[in-house]
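Everything below concerns the one structure shown next.
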Amino acid sequence: QVQLVESGGGLVQPGGSLRLSCAASGFTFTSYYMSWVRQAPGKGPEWVSNINTGGVSTRYRDSVKGRFTISRDNAKNMLYLQMNSLKPEDTALYYCARSRPGLYDYWGQGTQVTVSS
């Protein structure tokens with residue numbers, strides 16, 4: 001079965017960095033775009049970034065452009081999100097999600113990122 005397992009979250013001060021990882025299994029990883037989606041307390045989910053199957057094409061929401069970098073290692077079935085210059089407004093539960101046109105069909109359990117002094 002499809003499994004997505006995120007890790008790497010934690011508590012970090014403003015301006016700090018974290019690297020999130022997502023281990024994928026149970027499907028042909030190289031056949032799917034992958035995304036990071038986050039949900040802040042009391043808010044709905046919001047798309048953060050996505051990456052194409054080959055890892056060459058990436059997209060970001062405006063608020064994280066220049067600070068976050070998405071990448072993937074297709075040999076290891078891994079997805080990553082390098083987050084730099086973190087801000088309190090980045091605090092959220094971060095999910096990796098398998099992407100299909102118009103929807104995310106599988107999500108992981110999420111990893112908590114808290115940015116606070």
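Labels used: A, B, ... for chains in the order of the structure tokens, numbers from 1 for residues in each chain, and numbers from 1 for ligands as shown.
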Give me the residues near A:Ser49 as a PyMOL selection string, where near means some atom within 12 Å (using only C-alpha atoms) and where sequence neighbours in that chain fewer than 2 positions away do not count. chain A and resi 33-38+46-47+51-52+57-71+79-83+94-99
Residues from last step as file, N, CA, C and O atoms, as a compact mmCIF listing (two decimals), in the first residue's frame:
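Wrote it out as out_1.txt, contents follow:
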# COMPACT_ATOMS: atom_id res chain seq x y z
N TYR A 33 4.34 13.40 -9.72
CA TYR A 33 4.70 14.66 -9.09
C TYR A 33 4.48 14.49 -7.58
O TYR A 33 3.61 13.73 -7.14
N MET A 34 5.24 15.24 -6.81
CA MET A 34 5.09 15.23 -5.36
C MET A 34 4.98 16.67 -4.85
O MET A 34 5.53 17.60 -5.46
N SER A 35 4.29 16.81 -3.73
CA SER A 35 4.04 18.14 -3.19
C SER A 35 4.28 18.17 -1.69
O SER A 35 4.22 17.13 -1.01
N TRP A 36 4.52 19.36 -1.20
CA TRP A 36 4.45 19.65 0.24
C TRP A 36 3.24 20.55 0.45
O TRP A 36 3.05 21.53 -0.27
N VAL A 37 2.47 20.20 1.47
CA VAL A 37 1.27 20.95 1.84
C VAL A 37 1.35 21.20 3.34
O VAL A 37 1.85 20.33 4.07
N ARG A 38 0.91 22.35 3.80
CA ARG A 38 0.97 22.63 5.23
C ARG A 38 -0.38 23.10 5.74
O ARG A 38 -1.21 23.60 4.99
N GLU A 46 -2.76 24.44 2.90
CA GLU A 46 -2.30 25.27 1.79
C GLU A 46 -1.09 24.62 1.13
O GLU A 46 -0.20 24.10 1.80
N TRP A 47 -1.11 24.67 -0.18
CA TRP A 47 -0.01 24.14 -0.98
C TRP A 47 1.23 24.98 -0.74
O TRP A 47 1.18 26.20 -0.68
N ILE A 51 7.06 19.35 -7.22
CA ILE A 51 8.22 19.00 -8.04
C ILE A 51 7.79 17.95 -9.04
O ILE A 51 6.98 17.06 -8.72
N ASN A 52 8.33 18.03 -10.24
CA ASN A 52 7.91 17.08 -11.27
C ASN A 52 8.61 15.74 -11.08
O ASN A 52 9.42 15.55 -10.17
N SER A 57 11.69 20.41 -12.58
CA SER A 57 10.75 21.53 -12.52
C SER A 57 10.13 21.62 -11.15
O SER A 57 9.59 20.65 -10.62
N THR A 58 10.21 22.81 -10.56
CA THR A 58 9.68 23.05 -9.22
C THR A 58 8.83 24.31 -9.20
O THR A 58 9.02 25.21 -10.01
N ARG A 59 7.90 24.35 -8.27
CA ARG A 59 7.04 25.52 -8.08
C ARG A 59 6.88 25.77 -6.59
O ARG A 59 6.89 24.83 -5.79
N TYR A 60 6.67 27.05 -6.24
CA TYR A 60 6.53 27.44 -4.83
C TYR A 60 5.43 28.48 -4.68
O TYR A 60 5.21 29.31 -5.57
N ARG A 61 4.80 28.46 -3.50
CA ARG A 61 3.90 29.57 -3.22
C ARG A 61 4.74 30.80 -2.98
O ARG A 61 5.91 30.70 -2.55
N ASP A 62 4.17 31.97 -3.24
CA ASP A 62 4.95 33.20 -3.21
C ASP A 62 5.62 33.44 -1.86
O ASP A 62 6.75 33.92 -1.80
N SER A 63 4.94 33.09 -0.78
CA SER A 63 5.46 33.43 0.56
C SER A 63 6.71 32.63 0.93
O SER A 63 7.39 32.98 1.90
N VAL A 64 7.03 31.57 0.20
CA VAL A 64 8.21 30.78 0.55
C VAL A 64 9.29 30.84 -0.53
O VAL A 64 10.38 30.29 -0.35
N LYS A 65 9.00 31.49 -1.64
CA LYS A 65 9.99 31.59 -2.72
C LYS A 65 11.27 32.23 -2.21
O LYS A 65 11.25 33.23 -1.50
N GLY A 66 12.39 31.63 -2.59
CA GLY A 66 13.69 32.14 -2.17
C GLY A 66 14.12 31.65 -0.80
O GLY A 66 15.28 31.86 -0.41
N ARG A 67 13.22 31.02 -0.06
CA ARG A 67 13.56 30.52 1.28
C ARG A 67 13.50 28.99 1.34
O ARG A 67 14.26 28.37 2.07
N PHE A 68 12.57 28.41 0.62
CA PHE A 68 12.38 26.96 0.64
C PHE A 68 12.87 26.35 -0.68
O PHE A 68 12.74 26.96 -1.74
N THR A 69 13.38 25.13 -0.59
CA THR A 69 13.81 24.40 -1.78
C THR A 69 13.31 22.97 -1.69
O THR A 69 13.62 22.25 -0.73
N ILE A 70 12.54 22.58 -2.69
CA ILE A 70 12.05 21.20 -2.77
C ILE A 70 13.00 20.39 -3.65
O ILE A 70 13.55 20.91 -4.63
N SER A 71 13.18 19.13 -3.29
CA SER A 71 14.02 18.26 -4.10
C SER A 71 13.56 16.82 -3.89
O SER A 71 12.79 16.53 -2.97
N LEU A 79 11.58 12.47 -0.80
CA LEU A 79 11.23 13.85 -1.09
C LEU A 79 11.75 14.71 0.05
O LEU A 79 11.70 14.29 1.22
N TYR A 80 12.23 15.92 -0.27
CA TYR A 80 12.79 16.80 0.74
C TYR A 80 12.23 18.21 0.61
O TYR A 80 11.78 18.62 -0.46
N LEU A 81 12.30 18.93 1.72
CA LEU A 81 12.00 20.36 1.72
C LEU A 81 13.01 21.04 2.63
O LEU A 81 12.95 20.87 3.85
N GLN A 82 13.93 21.77 2.03
CA GLN A 82 14.89 22.58 2.80
C GLN A 82 14.25 23.93 3.07
O GLN A 82 13.85 24.63 2.13
N MET A 83 14.14 24.26 4.33
CA MET A 83 13.48 25.51 4.73
C MET A 83 14.48 26.40 5.44
O MET A 83 15.00 26.02 6.51
N TYR A 94 3.32 19.99 8.41
CA TYR A 94 3.74 19.86 7.03
C TYR A 94 3.54 18.42 6.56
O TYR A 94 4.00 17.48 7.21
N TYR A 95 2.87 18.29 5.42
CA TYR A 95 2.59 16.98 4.84
C TYR A 95 3.26 16.85 3.48
O TYR A 95 3.28 17.82 2.70
N CYS A 96 3.77 15.67 3.18
CA CYS A 96 4.08 15.39 1.79
C CYS A 96 2.88 14.68 1.19
O CYS A 96 2.14 13.96 1.87
N ALA A 97 2.66 14.91 -0.09
CA ALA A 97 1.47 14.39 -0.75
C ALA A 97 1.81 13.94 -2.15
O ALA A 97 2.55 14.63 -2.87
N ARG A 98 1.24 12.82 -2.53
CA ARG A 98 1.37 12.37 -3.91
C ARG A 98 0.37 13.16 -4.75
O ARG A 98 -0.79 13.31 -4.37
N SER A 99 0.86 13.67 -5.85
CA SER A 99 0.06 14.60 -6.64
C SER A 99 -0.43 13.94 -7.93
O SER A 99 0.33 13.26 -8.62
Using only C-alpha atoms: which of A:Ser31, A:Gln112, A:Ser17, A:Gly26 has the shortest distance to A:Thr91: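 Among A:Ser31, A:Gln112, A:Ser17, A:Gly26, it is A:Gln112 that comes nearest to A:Thr91.
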Pick the closest to A:Asn77 from A:Gly42, A:Leu93, A:Tyr32, A:Tyr106: which is it, counting only C-alpha atoms?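 So, comparing all the options, the nearest one is A:Tyr32.
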Between A:Gln109, A:Ser25, A:Pro101, A:Glu89, which one has atoms that come closest to A:Gln13, using only C-alpha atoms? A:Glu89
Would you mind reading off the distance between atom CA of A:Val115 and atom CA of A:Pro41, one decimal, in Å?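 About the pair atom CA of A:Val115 and atom CA of A:Pro41: they are 12.9 Å apart.
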Helix (DSSP H, G or I) call set, DSSP backbone run, chain A, as a ChimeraX atom specification: /A:29-31,62-64,88-90
Among chain A, which residues carry a DSSP assignment of strand (DSSP E or B), reported as a ChimeraX atom specification? /A:3-7,10-12,18-25,33-39,46-51,58-60,68-73,78-83,92-100,103-107,111-115
